[in-house]
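Since the structure comes first, as structure tokens, the remarks are kept for the end.
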Amino acid sequence: MATSTGEGTGALEKALDVLDAVGTAPEGLGQSELADRLALPRTTVYRLLATLVARGLLRRDPLRKVYCLGFRCFEMARQAYAMPDLVAAAAYELRLLRDLTGETTYLAALDGREVISLERCDGAHSQRSAAALGERKPVHCTSQGKAILSAMPDAERESFVRDAVLKALTPLTITDRRRLHAELGITRARGYAIDDEEIVLGVRCVGAPVIDSAGQVRGAISVAGPAYRLTRERLELLGPEVAEAARRVGAQLQTQAADTNADAEASVTAVPGRWAFHGAHPISSDDGRKLWWADVLAPSLRLYENGEDREICRVEAPIIGLVHDGDGVTVVHGSGVQRVGADGTAAALVSWVNGSVLALCNGEEQAIWVACGLPESGAAIGLLRADGTLDVRWRIGEPVQSLAWHAGEKTLYAALQGSGSIVMLRPGENAVRRLTSLPRGSGRVSGLAFDAQGGIWTALADGWSVIRLTRDGQLDRVVGLPVPCPTDLAMIQRPDGAAQLAITTERHRVSIDALGTAPLSGRLLLLDL
């Protein structure tokens, strides 16, 4: 027994230093290494190690002659997060997910600014994820951490992200706070987070938060495995399964899912009518009462008016884009260009840009902006001249998915799926200014629309949502959708004058399994604003 309070405190501090040193060395540390690292006499380290081993806080590997954390540490960690026993509540769901996927499943909880692994069910494969129990990981680059952050109250989450050190552990780690905020908003809307090789190259993970009855996040469960088995497509299918398992864990703790503070799918309605294989290219009339849109793959022009959606014209090849043309529209497709009148009559046009058209939109008055693919890579963007040539104003190093003209700002916006960026192009300026970039795990930016308040809307294909950005690129709103693949959007008006967002969707890329949970895929959706 120590002869003084100071001596006892000193011995305790030395013992805790030993525990900390061993805990930060996954491979363990030998007695000599510990003495050198802590600048302590070897006899002192020997006595401390003997006591810690006797108490189960450390264990000695007899083959490698190193000391590792003992199982008593893990037991204490579990007890710290059992409110009641979170591990016991999650055990069955972890095994169920492991059996469903064949991959390793995890339970983790937030500890300070890291997530700590509380439980693991090993997968069936010889090559698998194998994070150790008790291992700590950064919050910003793990599916578990991002899931937990997404379920926090807004103010707490913003404070956490503002103070976090976003260290890059791989080239894919999110280190930009705006991008992290965007992904957390999307995660909150869809209910699950994705780690796309952000902490270890070659490993992907999908996780969902566990929330108690008071709306407090208690931890997260996840599925992890090699990227070649957990493809992005498979993660999108597994995400809802993991989110449902997390909700069941909460039910065992007598909890209910908390309000995510994001718009629910119930706020979105589907327009009656036939679904499209690949709905896209919606454009509204000047008064917002009509909406033309296209089925790209079963090539046809559709018109939504007075609550009714109908086909008005078929074309010969996949549709590339639509622009206004008087009281009708010009349809650009793989075999040419034709003007379709309000009554559905079509006439071929001959003066059109000679090149691979990627996207187009109306500008001021009769102007038409066009993006064409370049032979080497990227795109040329400019105005269509009367003789069908392109007056090139900008060149971009990646393909353009969509264009939209903001009349109030007199600015052209472009969505770039490759980098997940939305860029701004002002006539008279050579610069290409980036408004924002969204992480790949959020989905692919698809389409652009502007509301009367100055907000910029885009759809996230494979992301089950549409989002609204402020004029400075900040994520302002996330709306979850009942379908995985929204493709484009446009502003329209209801008969009472209220604004609506019309959202086209696709069906042909949605798997049969996913269609079971997303039967509205391919339909035209409406969101009241």
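The way I read the labels, and the way they are meant: chains A, B, ... in the order of the structure tokens, residue 1 as the first residue of every chain, and ligand 1 as the first ligand shown, with later ones counted on from there.
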For this session: Quick one: everything within 12 Å of Ser419 of chain A, counting only C-alpha atoms, minus sequence neighbours fewer than 3 positions away in the same chain. Send it as a list in words.
Result: Leu172, Gly378, Ile396, Gly397, Glu398, Pro399, Val400, Gln401, Ala414, Ala415, Leu416, Ile422, Val423, Arg434, Thr436, Ser437, Leu438, Pro439, Arg440, Gly441, Ser442, Gly443, Arg444 and Val445 of chain A
For this session: Select from segment 98-161 of chain A everything DSSP, run on the backbone, classes as helix (DSSP H, G or I), then give the selection as a list in words.
Result: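 Here is the list: Arg98, Asp99, Leu100, Thr101, Ser143, Gln144, Gly145, Lys146, Ala147, Ile148, Leu149, Ser150, Asp154, Ala155, Glu156, Arg157, Glu158, Ser159, Phe160 and Val161 of chain A.
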Problem set entry | A:Ala270, A:Ala294, A:Ala189, A:Leu360 ranked by distance to Val466 of chain A, top pick (using only C-alpha atoms) |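 Nearest to Val466 of chain A: A:Ala189.
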Problem set entry | Shell around Leu358 of chain A at 10 Å using only C-alpha atoms, local window under 3 positions removed, as a ChimeraX atom specification | /A:320-321,355,370-373,379-381,399-403
Please dump the current selection as a PDB file, in the first residue's frame; keep C-alpha atoms.
```pdb
ATOM      1  CA  ILE A 320     -30.824  13.317 -75.452  1.00  0.00           C
ATOM      2  CA  GLY A 321     -32.644  16.484 -74.380  1.00  0.00           C
ATOM      3  CA  GLY A 355     -21.309  16.674 -82.622  1.00  0.00           C
ATOM      4  CA  VAL A 370     -25.349  23.086 -75.605  1.00  0.00           C
ATOM      5  CA  ALA A 371     -22.630  20.846 -74.150  1.00  0.00           C
ATOM      6  CA  CYS A 372     -20.905  18.552 -76.636  1.00  0.00           C
ATOM      7  CA  GLY A 373     -18.449  15.747 -75.923  1.00  0.00           C
ATOM      8  CA  ALA A 379     -16.960  18.751 -72.969  1.00  0.00           C
ATOM      9  CA  ALA A 380     -17.252  21.982 -74.915  1.00  0.00           C
ATOM     10  CA  ILE A 381     -20.056  24.313 -73.818  1.00  0.00           C
ATOM     11  CA  PRO A 399     -18.590  15.091 -69.386  1.00  0.00           C
ATOM     12  CA  VAL A 400     -21.574  17.299 -68.546  1.00  0.00           C
ATOM     13  CA  GLN A 401     -24.712  15.571 -67.273  1.00  0.00           C
ATOM     14  CA  SER A 402     -27.084  18.535 -67.420  1.00  0.00           C
ATOM     15  CA  LEU A 403     -27.272  22.281 -68.032  1.00  0.00           C
TER      16      LEU A 403
END
```
For this session: Can you pull out every residue within 6 Å of segment 303-306 of chain A, counting only C-alpha atoms, but drop anything in the same chain fewer than 2 positions away, and send it as an MDAnalysis selection string?
Result: chainID A and resid 290:292 308:310
Exercise. For Met76 of chain A, which residue out of A:Glu158, A:Arg47, A:Leu57, A:Arg393 is the nearest one, using only C-alpha atoms?
Worked result: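 Of A:Glu158, A:Arg47, A:Leu57, A:Arg393, the one nearest Met76 of chain A, counting only C-alpha atoms, is A:Leu57.
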Problem set entry | DSSP-assigned strand (DSSP E or B) among segment 379-526 of chain A, expressed as a PyMOL selection string | chain A and resi 379-384+390-396+402-406+411-416+421-425+432-437+444-450+456-461+465-469+475-480+486-493+499-506+525-526
